[in-house]
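So this one's input14.cif, mmCIF, N, CA and C atoms:
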data_run
loop_
_atom_site.label_atom_id
_atom_site.label_comp_id
_atom_site.auth_asym_id
_atom_site.auth_seq_id
_atom_site.Cartn_x
_atom_site.Cartn_y
_atom_site.Cartn_z
N ALA N 1 144.60 180.70 -75.86
CA ALA N 1 144.00 180.07 -74.68
C ALA N 1 143.18 181.10 -73.92
N LYS N 2 142.11 180.64 -73.35
CA LYS N 2 141.24 181.52 -72.57
C LYS N 2 141.32 181.24 -71.09
N ALA N 3 141.93 180.11 -70.71
CA ALA N 3 142.08 179.74 -69.30
C ALA N 3 143.14 178.65 -69.19
N ILE N 4 143.59 178.44 -67.97
CA ILE N 4 144.53 177.37 -67.65
C ILE N 4 143.82 176.43 -66.68
N VAL N 5 143.86 175.14 -66.97
CA VAL N 5 143.25 174.15 -66.08
C VAL N 5 144.39 173.38 -65.43
N THR N 6 144.36 173.30 -64.10
CA THR N 6 145.40 172.56 -63.38
C THR N 6 144.79 171.43 -62.57
N GLY N 7 145.63 170.57 -62.08
CA GLY N 7 145.19 169.47 -61.23
C GLY N 7 145.48 169.73 -59.77
N GLU N 8 145.71 170.99 -59.41
CA GLU N 8 146.02 171.32 -58.02
C GLU N 8 144.88 170.93 -57.08
N SER N 9 145.26 170.42 -55.94
CA SER N 9 144.31 170.10 -54.88
C SER N 9 144.90 170.62 -53.59
N CYS N 10 144.23 171.53 -52.97
CA CYS N 10 144.76 172.20 -51.78
C CYS N 10 145.16 171.19 -50.72
N GLY N 11 146.44 171.23 -50.34
CA GLY N 11 146.94 170.38 -49.28
C GLY N 11 147.41 169.01 -49.71
N GLN N 12 147.27 168.63 -50.98
CA GLN N 12 147.70 167.30 -51.41
C GLN N 12 149.22 167.17 -51.41
N VAL N 13 149.92 168.25 -51.68
CA VAL N 13 151.36 168.30 -51.49
C VAL N 13 151.65 169.56 -50.69
N SER N 14 152.81 169.59 -50.04
CA SER N 14 153.06 170.66 -49.08
C SER N 14 153.10 172.05 -49.71
N SER N 15 153.37 172.15 -51.00
CA SER N 15 153.42 173.46 -51.64
C SER N 15 152.06 173.95 -52.12
N GLN N 16 151.04 173.09 -52.13
CA GLN N 16 149.72 173.50 -52.60
C GLN N 16 148.91 174.04 -51.43
N THR N 17 149.27 175.26 -51.02
CA THR N 17 148.60 175.93 -49.91
C THR N 17 147.75 177.07 -50.47
N LEU N 18 146.84 177.57 -49.67
CA LEU N 18 146.03 178.72 -50.11
C LEU N 18 146.92 179.93 -50.39
N ASP N 19 147.97 180.12 -49.58
CA ASP N 19 148.89 181.24 -49.83
C ASP N 19 149.53 181.12 -51.22
N ASN N 20 150.02 179.93 -51.56
CA ASN N 20 150.67 179.75 -52.85
C ASN N 20 149.68 179.83 -54.01
N ILE N 21 148.50 179.30 -53.82
CA ILE N 21 147.46 179.40 -54.86
C ILE N 21 147.10 180.87 -55.11
N ALA N 22 147.03 181.66 -54.04
CA ALA N 22 146.72 183.09 -54.18
C ALA N 22 147.83 183.82 -54.94
N VAL N 23 149.08 183.45 -54.71
CA VAL N 23 150.19 184.07 -55.43
C VAL N 23 150.11 183.74 -56.92
N ILE N 24 149.82 182.50 -57.24
CA ILE N 24 149.69 182.11 -58.65
C ILE N 24 148.57 182.91 -59.30
N ASP N 25 147.44 183.03 -58.63
CA ASP N 25 146.32 183.80 -59.17
C ASP N 25 146.69 185.27 -59.36
N ALA N 26 147.49 185.81 -58.45
CA ALA N 26 147.85 187.23 -58.51
C ALA N 26 148.72 187.56 -59.72
N VAL N 27 149.54 186.62 -60.15
CA VAL N 27 150.46 186.91 -61.26
C VAL N 27 150.01 186.31 -62.59
N ALA N 28 149.00 185.47 -62.58
CA ALA N 28 148.53 184.84 -63.82
C ALA N 28 147.80 185.86 -64.69
N THR N 29 147.98 185.71 -65.99
CA THR N 29 147.29 186.61 -66.92
C THR N 29 146.03 185.97 -67.50
N LEU N 30 145.80 184.71 -67.20
CA LEU N 30 144.59 184.00 -67.62
C LEU N 30 143.89 183.45 -66.39
N PRO N 31 142.59 183.25 -66.47
CA PRO N 31 141.89 182.60 -65.34
C PRO N 31 142.45 181.19 -65.14
N ILE N 32 142.55 180.78 -63.89
CA ILE N 32 143.02 179.44 -63.57
C ILE N 32 141.87 178.64 -63.00
N LEU N 33 141.58 177.53 -63.64
CA LEU N 33 140.50 176.65 -63.21
C LEU N 33 141.12 175.46 -62.48
N ARG N 34 140.60 175.17 -61.30
CA ARG N 34 141.12 174.07 -60.48
C ARG N 34 139.98 173.15 -60.09
N PRO N 35 139.54 172.29 -61.00
CA PRO N 35 138.37 171.46 -60.70
C PRO N 35 138.58 170.47 -59.56
N LEU N 36 139.82 170.20 -59.19
CA LEU N 36 140.09 169.21 -58.14
C LEU N 36 140.48 169.85 -56.81
N VAL N 37 140.41 171.16 -56.72
CA VAL N 37 140.99 171.87 -55.58
C VAL N 37 140.51 171.38 -54.21
N GLY N 38 139.29 170.93 -54.10
CA GLY N 38 138.77 170.49 -52.81
C GLY N 38 138.70 168.98 -52.65
N TYR N 39 139.21 168.25 -53.63
CA TYR N 39 139.13 166.79 -53.58
C TYR N 39 140.29 166.22 -52.76
N ASN N 40 140.04 165.09 -52.09
CA ASN N 40 141.13 164.40 -51.42
C ASN N 40 141.77 163.42 -52.41
N LYS N 41 142.84 162.77 -51.99
CA LYS N 41 143.59 161.89 -52.90
C LYS N 41 142.72 160.78 -53.48
N GLU N 42 141.92 160.14 -52.66
CA GLU N 42 141.08 159.03 -53.13
C GLU N 42 140.04 159.53 -54.15
N GLU N 43 139.47 160.70 -53.92
CA GLU N 43 138.50 161.26 -54.87
C GLU N 43 139.18 161.56 -56.21
N ILE N 44 140.40 162.07 -56.16
CA ILE N 44 141.13 162.37 -57.39
C ILE N 44 141.43 161.08 -58.16
N ILE N 45 141.82 160.05 -57.45
CA ILE N 45 142.08 158.76 -58.09
C ILE N 45 140.80 158.23 -58.74
N ASN N 46 139.68 158.36 -58.06
CA ASN N 46 138.40 157.91 -58.63
C ASN N 46 138.06 158.67 -59.91
N VAL N 47 138.30 159.97 -59.92
CA VAL N 47 138.04 160.76 -61.13
C VAL N 47 138.97 160.28 -62.24
N ALA N 48 140.26 160.10 -61.93
CA ALA N 48 141.22 159.64 -62.95
C ALA N 48 140.80 158.30 -63.54
N ARG N 49 140.34 157.40 -62.69
CA ARG N 49 139.88 156.10 -63.20
C ARG N 49 138.66 156.27 -64.10
N SER N 50 137.74 157.13 -63.70
CA SER N 50 136.49 157.26 -64.46
C SER N 50 136.70 157.95 -65.81
N ILE N 51 137.74 158.77 -65.94
CA ILE N 51 137.99 159.41 -67.24
C ILE N 51 139.10 158.72 -68.02
N GLY N 52 139.63 157.63 -67.46
CA GLY N 52 140.61 156.84 -68.19
C GLY N 52 142.03 157.35 -68.15
N THR N 53 142.39 158.18 -67.16
CA THR N 53 143.75 158.71 -67.09
C THR N 53 144.60 158.11 -65.97
N TYR N 54 144.01 157.28 -65.15
CA TYR N 54 144.73 156.76 -63.99
C TYR N 54 145.97 155.96 -64.39
N ALA N 55 145.84 155.05 -65.35
CA ALA N 55 146.98 154.22 -65.76
C ALA N 55 148.15 155.08 -66.22
N THR N 56 147.86 156.15 -66.94
CA THR N 56 148.91 157.05 -67.39
C THR N 56 149.50 157.82 -66.22
N SER N 57 148.67 158.22 -65.29
CA SER N 57 149.13 159.06 -64.17
C SER N 57 150.10 158.36 -63.24
N ILE N 58 150.09 157.04 -63.22
CA ILE N 58 150.99 156.33 -62.31
C ILE N 58 152.25 155.81 -63.00
N LEU N 59 152.40 156.09 -64.29
CA LEU N 59 153.61 155.69 -65.00
C LEU N 59 154.80 156.49 -64.47
N PRO N 60 155.94 155.85 -64.26
CA PRO N 60 157.12 156.61 -63.82
C PRO N 60 157.57 157.54 -64.94
N ASP N 61 157.87 158.77 -64.59
CA ASP N 61 158.30 159.74 -65.59
C ASP N 61 159.13 160.80 -64.89
N GLN N 62 160.05 161.38 -65.63
CA GLN N 62 160.82 162.48 -65.09
C GLN N 62 160.14 163.78 -65.48
N ASP N 63 159.27 164.25 -64.62
CA ASP N 63 158.59 165.52 -64.87
C ASP N 63 159.06 166.54 -63.84
N CYS N 64 158.53 167.74 -63.94
CA CYS N 64 158.96 168.78 -63.02
C CYS N 64 158.64 168.44 -61.57
N CYS N 65 157.61 167.67 -61.35
CA CYS N 65 157.25 167.30 -59.98
C CYS N 65 158.34 166.45 -59.34
N SER N 66 158.93 165.55 -60.10
CA SER N 66 159.94 164.67 -59.53
C SER N 66 161.36 165.20 -59.70
N LEU N 67 161.61 165.98 -60.73
CA LEU N 67 162.97 166.46 -60.98
C LEU N 67 163.36 167.67 -60.14
N PHE N 68 162.42 168.57 -59.90
CA PHE N 68 162.78 169.84 -59.30
C PHE N 68 162.16 170.10 -57.94
N VAL N 69 161.60 169.08 -57.33
CA VAL N 69 160.96 169.29 -56.04
C VAL N 69 162.04 169.56 -54.98
N PRO N 70 161.93 170.70 -54.31
CA PRO N 70 162.93 171.01 -53.27
C PRO N 70 162.69 170.17 -52.02
N LYS N 71 163.74 170.03 -51.23
CA LYS N 71 163.63 169.26 -49.99
C LYS N 71 162.64 169.91 -49.03
N HIS N 72 162.64 171.24 -49.01
CA HIS N 72 161.72 172.00 -48.16
C HIS N 72 160.98 173.01 -49.03
N PRO N 73 159.86 172.63 -49.64
CA PRO N 73 159.14 173.54 -50.54
C PRO N 73 158.56 174.74 -49.80
N GLU N 74 158.44 175.83 -50.54
CA GLU N 74 157.84 177.05 -49.99
C GLU N 74 156.36 176.83 -49.78
N THR N 75 155.87 177.17 -48.60
CA THR N 75 154.44 177.02 -48.32
C THR N 75 153.73 178.36 -48.22
N ARG N 76 154.50 179.45 -48.17
CA ARG N 76 153.92 180.80 -48.10
C ARG N 76 154.67 181.75 -49.02
N ALA N 77 154.52 181.50 -50.30
CA ALA N 77 155.19 182.34 -51.29
C ALA N 77 154.65 183.77 -51.20
N ARG N 78 155.49 184.70 -51.65
CA ARG N 78 155.09 186.12 -51.68
C ARG N 78 155.13 186.59 -53.13
N VAL N 79 154.12 187.37 -53.51
CA VAL N 79 154.01 187.85 -54.88
C VAL N 79 155.28 188.59 -55.29
N GLU N 80 155.79 189.45 -54.41
CA GLU N 80 156.98 190.25 -54.74
C GLU N 80 158.18 189.35 -55.06
N THR N 81 158.37 188.33 -54.25
CA THR N 81 159.51 187.43 -54.45
C THR N 81 159.34 186.63 -55.74
N VAL N 82 158.16 186.10 -55.96
CA VAL N 82 157.91 185.31 -57.17
C VAL N 82 158.08 186.19 -58.41
N SER N 83 157.54 187.40 -58.38
CA SER N 83 157.66 188.30 -59.53
C SER N 83 159.12 188.65 -59.81
N ARG N 84 159.89 188.92 -58.76
CA ARG N 84 161.32 189.24 -58.92
C ARG N 84 162.08 188.06 -59.52
N LEU N 85 161.85 186.87 -59.00
CA LEU N 85 162.54 185.68 -59.51
C LEU N 85 162.12 185.36 -60.94
N GLU N 86 160.83 185.51 -61.23
CA GLU N 86 160.34 185.24 -62.58
C GLU N 86 160.90 186.23 -63.59
N SER N 87 161.17 187.46 -63.16
CA SER N 87 161.64 188.49 -64.09
C SER N 87 163.00 188.17 -64.70
N VAL N 88 163.79 187.31 -64.08
CA VAL N 88 165.10 186.97 -64.64
C VAL N 88 165.06 185.68 -65.47
N LEU N 89 163.91 185.05 -65.54
CA LEU N 89 163.78 183.83 -66.33
C LEU N 89 163.52 184.16 -67.80
N PRO N 90 164.04 183.35 -68.73
CA PRO N 90 163.73 183.54 -70.15
C PRO N 90 162.35 182.93 -70.46
N VAL N 91 161.30 183.59 -69.98
CA VAL N 91 159.95 183.02 -70.04
C VAL N 91 159.53 182.69 -71.47
N ASP N 92 159.74 183.62 -72.40
CA ASP N 92 159.32 183.36 -73.79
C ASP N 92 160.02 182.12 -74.36
N GLU N 93 161.31 181.98 -74.08
CA GLU N 93 162.06 180.81 -74.55
C GLU N 93 161.53 179.53 -73.91
N LEU N 94 161.25 179.58 -72.62
CA LEU N 94 160.73 178.40 -71.92
C LEU N 94 159.35 178.01 -72.44
N VAL N 95 158.53 179.01 -72.73
CA VAL N 95 157.19 178.73 -73.27
C VAL N 95 157.31 178.06 -74.63
N GLN N 96 158.17 178.60 -75.49
CA GLN N 96 158.34 178.01 -76.82
C GLN N 96 158.86 176.58 -76.73
N GLN N 97 159.79 176.35 -75.81
CA GLN N 97 160.32 175.00 -75.61
C GLN N 97 159.21 174.05 -75.14
N ALA N 98 158.39 174.52 -74.21
CA ALA N 98 157.29 173.68 -73.71
C ALA N 98 156.28 173.40 -74.81
N LEU N 99 155.95 174.42 -75.60
CA LEU N 99 154.98 174.23 -76.68
C LEU N 99 155.48 173.23 -77.71
N GLY N 100 156.78 173.14 -77.88
CA GLY N 100 157.35 172.18 -78.82
C GLY N 100 157.20 170.74 -78.35
N ASN N 101 156.89 170.56 -77.09
CA ASN N 101 156.75 169.22 -76.52
C ASN N 101 155.32 168.87 -76.12
N VAL N 102 154.38 169.66 -76.57
CA VAL N 102 152.98 169.45 -76.17
C VAL N 102 152.40 168.23 -76.86
N THR N 103 151.65 167.47 -76.11
CA THR N 103 150.86 166.37 -76.65
C THR N 103 149.41 166.66 -76.26
N VAL N 104 148.54 166.70 -77.23
CA VAL N 104 147.13 166.98 -76.96
C VAL N 104 146.38 165.67 -76.82
N LYS N 105 145.65 165.55 -75.73
CA LYS N 105 144.80 164.39 -75.51
C LYS N 105 143.42 164.91 -75.17
N LYS N 106 142.42 164.33 -75.80
CA LYS N 106 141.04 164.74 -75.54
C LYS N 106 140.35 163.67 -74.72
N PHE N 107 139.70 164.10 -73.67
CA PHE N 107 138.94 163.20 -72.81
C PHE N 107 137.51 163.69 -72.77
N SER N 108 136.59 162.77 -72.78
CA SER N 108 135.20 163.18 -72.67
C SER N 108 134.48 162.25 -71.72
N SER N 109 133.46 162.78 -71.13
CA SER N 109 132.65 162.00 -70.20
C SER N 109 131.20 162.23 -70.58
N PRO N 110 130.45 161.18 -70.83
CA PRO N 110 129.06 161.35 -71.26
C PRO N 110 128.16 161.88 -70.15
N GLU N 111 128.57 161.73 -68.90
CA GLU N 111 127.76 162.21 -67.79
C GLU N 111 128.67 162.78 -66.72
N PRO N 112 128.13 163.59 -65.81
CA PRO N 112 128.96 164.18 -64.76
C PRO N 112 129.70 163.10 -63.97
N ILE N 113 130.90 163.45 -63.56
CA ILE N 113 131.75 162.52 -62.82
C ILE N 113 131.55 162.74 -61.33
N ALA N 114 131.26 161.68 -60.62
CA ALA N 114 131.11 161.76 -59.17
C ALA N 114 132.48 161.58 -58.52
N ALA N 115 132.79 162.43 -57.55
CA ALA N 115 134.09 162.37 -56.89
C ALA N 115 134.17 161.21 -55.92
N GLY N 116 133.10 160.83 -55.29
CA GLY N 116 133.16 159.82 -54.24
C GLY N 116 132.76 158.52 -54.72
#
Rewrite the structure of this file - the entire thing - as C-alpha cells.
Amino acid sequence: AKAIVTGESCGQVSSQTLDNIAVIDAVATLPILRPLVGYNKEEIINVARSIGTYATSILPDQDCCSLFVPKHPETRARVETVSRLESVLPVDELVQQALGNVTVKKFSSPEPIAAG
C-alpha cells in the first residue's frame, strides 16, 4: 500500500477532532488521505448515493464504530499516550486477522462527484 484512505470528517463524531487527526498523522507510516474531511453529513450522504455505497453504509452491522465506542471518547489524544498504548498491542497479529477478513470493492465514477 502507498496510502490509507479514510472516511473521516472533522467534527462528524466527537472523536474526529483536529487534535486526534494530528496524532494519527504523527504515528502513521503511510500518507493518510481524507477526501471527506471538510464535508458535512448531508454532503457525505450525497457522495455515498452518487457512488452507490449509501445503501450498504446504512445496513446494521457490528463494526468497531458500534462495538467499541466509549461513552466519553477522547477528543485531545496525545502522541505519547497513543504510542505507549499501541506498543503493548499485538499489532502484527491484529493486522493479519484484519487482512483475513478483507473484502475488496471497486467503485468508479465517470465524472467528478459534487458534494452539494
Would you work out the distance separating CA of Val27 in chain N from CA of Leu89 in chain N, expressed in Å to one decimal?
-> 14.6 Å
For CA of Ala26 in chain N and CA of Val79 in chain N, quote the distance in Å rounded to one decimal.
->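 Answer for the CA of Ala26 in chain N to CA of Val79 in chain N separation: 7.2 Å.
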With the file shown as input, list the residues that the PyMOL selection byres (((chain N and resi 24 and name CA) around 12) and name CA) selects, as a compact mmCIF listing (two decimals) with N, CA and C atoms, in the coordinates of the input.
# COMPACT_ATOMS: atom_id res chain seq x y z
N ILE N 4 143.59 178.44 -67.97
CA ILE N 4 144.53 177.37 -67.65
C ILE N 4 143.82 176.43 -66.68
N THR N 6 144.36 173.30 -64.10
CA THR N 6 145.40 172.56 -63.38
C THR N 6 144.79 171.43 -62.57
N GLU N 8 145.71 170.99 -59.41
CA GLU N 8 146.02 171.32 -58.02
C GLU N 8 144.88 170.93 -57.08
N SER N 15 153.37 172.15 -51.00
CA SER N 15 153.42 173.46 -51.64
C SER N 15 152.06 173.95 -52.12
N GLN N 16 151.04 173.09 -52.13
CA GLN N 16 149.72 173.50 -52.60
C GLN N 16 148.91 174.04 -51.43
N THR N 17 149.27 175.26 -51.02
CA THR N 17 148.60 175.93 -49.91
C THR N 17 147.75 177.07 -50.47
N LEU N 18 146.84 177.57 -49.67
CA LEU N 18 146.03 178.72 -50.11
C LEU N 18 146.92 179.93 -50.39
N ASP N 19 147.97 180.12 -49.58
CA ASP N 19 148.89 181.24 -49.83
C ASP N 19 149.53 181.12 -51.22
N ASN N 20 150.02 179.93 -51.56
CA ASN N 20 150.67 179.75 -52.85
C ASN N 20 149.68 179.83 -54.01
N ILE N 21 148.50 179.30 -53.82
CA ILE N 21 147.46 179.40 -54.86
C ILE N 21 147.10 180.87 -55.11
N ALA N 22 147.03 181.66 -54.04
CA ALA N 22 146.72 183.09 -54.18
C ALA N 22 147.83 183.82 -54.94
N VAL N 23 149.08 183.45 -54.71
CA VAL N 23 150.19 184.07 -55.43
C VAL N 23 150.11 183.74 -56.92
N ASP N 25 147.44 183.03 -58.63
CA ASP N 25 146.32 183.80 -59.17
C ASP N 25 146.69 185.27 -59.36
N ALA N 26 147.49 185.81 -58.45
CA ALA N 26 147.85 187.23 -58.51
C ALA N 26 148.72 187.56 -59.72
N VAL N 27 149.54 186.62 -60.15
CA VAL N 27 150.46 186.91 -61.26
C VAL N 27 150.01 186.31 -62.59
N ALA N 28 149.00 185.47 -62.58
CA ALA N 28 148.53 184.84 -63.82
C ALA N 28 147.80 185.86 -64.69
N THR N 29 147.98 185.71 -65.99
CA THR N 29 147.29 186.61 -66.92
C THR N 29 146.03 185.97 -67.50
N LEU N 30 145.80 184.71 -67.20
CA LEU N 30 144.59 184.00 -67.62
C LEU N 30 143.89 183.45 -66.39
N PRO N 31 142.59 183.25 -66.47
CA PRO N 31 141.89 182.60 -65.34
C PRO N 31 142.45 181.19 -65.14
N ILE N 32 142.55 180.78 -63.89
CA ILE N 32 143.02 179.44 -63.57
C ILE N 32 141.87 178.64 -63.00
N LEU N 33 141.58 177.53 -63.64
CA LEU N 33 140.50 176.65 -63.21
C LEU N 33 141.12 175.46 -62.48
N ARG N 34 140.60 175.17 -61.30
CA ARG N 34 141.12 174.07 -60.48
C ARG N 34 139.98 173.15 -60.09
N ARG N 76 154.50 179.45 -48.17
CA ARG N 76 153.92 180.80 -48.10
C ARG N 76 154.67 181.75 -49.02
N ALA N 77 154.52 181.50 -50.30
CA ALA N 77 155.19 182.34 -51.29
C ALA N 77 154.65 183.77 -51.20
N ARG N 78 155.49 184.70 -51.65
CA ARG N 78 155.09 186.12 -51.68
C ARG N 78 155.13 186.59 -53.13
N VAL N 79 154.12 187.37 -53.51
CA VAL N 79 154.01 187.85 -54.88
C VAL N 79 155.28 188.59 -55.29
N GLU N 80 155.79 189.45 -54.41
CA GLU N 80 156.98 190.25 -54.74
C GLU N 80 158.18 189.35 -55.06
N THR N 81 158.37 188.33 -54.25
CA THR N 81 159.51 187.43 -54.45
C THR N 81 159.34 186.63 -55.74
N VAL N 82 158.16 186.10 -55.96
CA VAL N 82 157.91 185.31 -57.17
C VAL N 82 158.08 186.19 -58.41
N SER N 83 157.54 187.40 -58.38
CA SER N 83 157.66 188.30 -59.53
C SER N 83 159.12 188.65 -59.81
N GLU N 86 160.83 185.51 -61.23
CA GLU N 86 160.34 185.24 -62.58
C GLU N 86 160.90 186.23 -63.59
Go through chain N and collect every residue that DSSP, computed from the backbone, puts in strand (DSSP E or B); the answer should be as a list of chain:residue names.
->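 The residues of chain N classed as strand (DSSP E or B) are N:Ile4, N:Val5, N:Ile32, N:Leu33.
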Find the distance between CA of Arg49 in chain N and atom N of Glu111 in chain N and write it in Å to one decimal.
-> 13.9 Å
Long-range neighbours of Gly7 in chain N as a PyMOL selection string, 6.5 Å cut-off, all atoms listed in the file, 6 positions minimum in chain = chain N and resi 34-37
Chain N: residues DSSP assigns to helix (DSSP H, G or I), reported as a compact mmCIF listing (two decimals) with N, CA and C atoms, keeping the file's coordinate frame:
# COMPACT_ATOMS: atom_id res chain seq x y z
N LEU N 18 146.84 177.57 -49.67
CA LEU N 18 146.03 178.72 -50.11
C LEU N 18 146.92 179.93 -50.39
N ASP N 19 147.97 180.12 -49.58
CA ASP N 19 148.89 181.24 -49.83
C ASP N 19 149.53 181.12 -51.22
N ASN N 20 150.02 179.93 -51.56
CA ASN N 20 150.67 179.75 -52.85
C ASN N 20 149.68 179.83 -54.01
N ILE N 21 148.50 179.30 -53.82
CA ILE N 21 147.46 179.40 -54.86
C ILE N 21 147.10 180.87 -55.11
N ALA N 22 147.03 181.66 -54.04
CA ALA N 22 146.72 183.09 -54.18
C ALA N 22 147.83 183.82 -54.94
N VAL N 23 149.08 183.45 -54.71
CA VAL N 23 150.19 184.07 -55.43
C VAL N 23 150.11 183.74 -56.92
N ILE N 24 149.82 182.50 -57.24
CA ILE N 24 149.69 182.11 -58.65
C ILE N 24 148.57 182.91 -59.30
N ASP N 25 147.44 183.03 -58.63
CA ASP N 25 146.32 183.80 -59.17
C ASP N 25 146.69 185.27 -59.36
N ALA N 26 147.49 185.81 -58.45
CA ALA N 26 147.85 187.23 -58.51
C ALA N 26 148.72 187.56 -59.72
N VAL N 27 149.54 186.62 -60.15
CA VAL N 27 150.46 186.91 -61.26
C VAL N 27 150.01 186.31 -62.59
N LYS N 41 142.84 162.77 -51.99
CA LYS N 41 143.59 161.89 -52.90
C LYS N 41 142.72 160.78 -53.48
N GLU N 42 141.92 160.14 -52.66
CA GLU N 42 141.08 159.03 -53.13
C GLU N 42 140.04 159.53 -54.15
N GLU N 43 139.47 160.70 -53.92
CA GLU N 43 138.50 161.26 -54.87
C GLU N 43 139.18 161.56 -56.21
N ILE N 44 140.40 162.07 -56.16
CA ILE N 44 141.13 162.37 -57.39
C ILE N 44 141.43 161.08 -58.16
N ILE N 45 141.82 160.05 -57.45
CA ILE N 45 142.08 158.76 -58.09
C ILE N 45 140.80 158.23 -58.74
N ASN N 46 139.68 158.36 -58.06
CA ASN N 46 138.40 157.91 -58.63
C ASN N 46 138.06 158.67 -59.91
N VAL N 47 138.30 159.97 -59.92
CA VAL N 47 138.04 160.76 -61.13
C VAL N 47 138.97 160.28 -62.24
N ALA N 48 140.26 160.10 -61.93
CA ALA N 48 141.22 159.64 -62.95
C ALA N 48 140.80 158.30 -63.54
N ARG N 49 140.34 157.40 -62.69
CA ARG N 49 139.88 156.10 -63.20
C ARG N 49 138.66 156.27 -64.10
N SER N 50 137.74 157.13 -63.70
CA SER N 50 136.49 157.26 -64.46
C SER N 50 136.70 157.95 -65.81
N ILE N 51 137.74 158.77 -65.94
CA ILE N 51 137.99 159.41 -67.24
C ILE N 51 139.10 158.72 -68.02
N TYR N 54 144.01 157.28 -65.15
CA TYR N 54 144.73 156.76 -63.99
C TYR N 54 145.97 155.96 -64.39
N ALA N 55 145.84 155.05 -65.35
CA ALA N 55 146.98 154.22 -65.76
C ALA N 55 148.15 155.08 -66.22
N THR N 56 147.86 156.15 -66.94
CA THR N 56 148.91 157.05 -67.39
C THR N 56 149.50 157.82 -66.22
N SER N 57 148.67 158.22 -65.29
CA SER N 57 149.13 159.06 -64.17
C SER N 57 150.10 158.36 -63.24
N CYS N 64 158.53 167.74 -63.94
CA CYS N 64 158.96 168.78 -63.02
C CYS N 64 158.64 168.44 -61.57
N CYS N 65 157.61 167.67 -61.35
CA CYS N 65 157.25 167.30 -59.98
C CYS N 65 158.34 166.45 -59.34
N SER N 66 158.93 165.55 -60.10
CA SER N 66 159.94 164.67 -59.53
C SER N 66 161.36 165.20 -59.70
N LEU N 67 161.61 165.98 -60.73
CA LEU N 67 162.97 166.46 -60.98
C LEU N 67 163.36 167.67 -60.14
N VAL N 79 154.12 187.37 -53.51
CA VAL N 79 154.01 187.85 -54.88
C VAL N 79 155.28 188.59 -55.29
N GLU N 80 155.79 189.45 -54.41
CA GLU N 80 156.98 190.25 -54.74
C GLU N 80 158.18 189.35 -55.06
N THR N 81 158.37 188.33 -54.25
CA THR N 81 159.51 187.43 -54.45
C THR N 81 159.34 186.63 -55.74
N VAL N 82 158.16 186.10 -55.96
CA VAL N 82 157.91 185.31 -57.17
C VAL N 82 158.08 186.19 -58.41
N SER N 83 157.54 187.40 -58.38
CA SER N 83 157.66 188.30 -59.53
C SER N 83 159.12 188.65 -59.81
N ARG N 84 159.89 188.92 -58.76
CA ARG N 84 161.32 189.24 -58.92
C ARG N 84 162.08 188.06 -59.52
N LEU N 85 161.85 186.87 -59.00
CA LEU N 85 162.54 185.68 -59.51
C LEU N 85 162.12 185.36 -60.94
N GLU N 86 160.83 185.51 -61.23
CA GLU N 86 160.34 185.24 -62.58
C GLU N 86 160.90 186.23 -63.59
N SER N 87 161.17 187.46 -63.16
CA SER N 87 161.64 188.49 -64.09
C SER N 87 163.00 188.17 -64.70
N VAL N 91 161.30 183.59 -69.98
CA VAL N 91 159.95 183.02 -70.04
C VAL N 91 159.53 182.69 -71.47
N ASP N 92 159.74 183.62 -72.40
CA ASP N 92 159.32 183.36 -73.79
C ASP N 92 160.02 182.12 -74.36
N GLU N 93 161.31 181.98 -74.08
CA GLU N 93 162.06 180.81 -74.55
C GLU N 93 161.53 179.53 -73.91
N LEU N 94 161.25 179.58 -72.62
CA LEU N 94 160.73 178.40 -71.92
C LEU N 94 159.35 178.01 -72.44
N VAL N 95 158.53 179.01 -72.73
CA VAL N 95 157.19 178.73 -73.27
C VAL N 95 157.31 178.06 -74.63
N GLN N 96 158.17 178.60 -75.49
CA GLN N 96 158.34 178.01 -76.82
C GLN N 96 158.86 176.58 -76.73
N GLN N 97 159.79 176.35 -75.81
CA GLN N 97 160.32 175.00 -75.61
C GLN N 97 159.21 174.05 -75.14
N ALA N 98 158.39 174.52 -74.21
CA ALA N 98 157.29 173.68 -73.71
C ALA N 98 156.28 173.40 -74.81
N LEU N 99 155.95 174.42 -75.60
CA LEU N 99 154.98 174.23 -76.68
C LEU N 99 155.48 173.23 -77.71
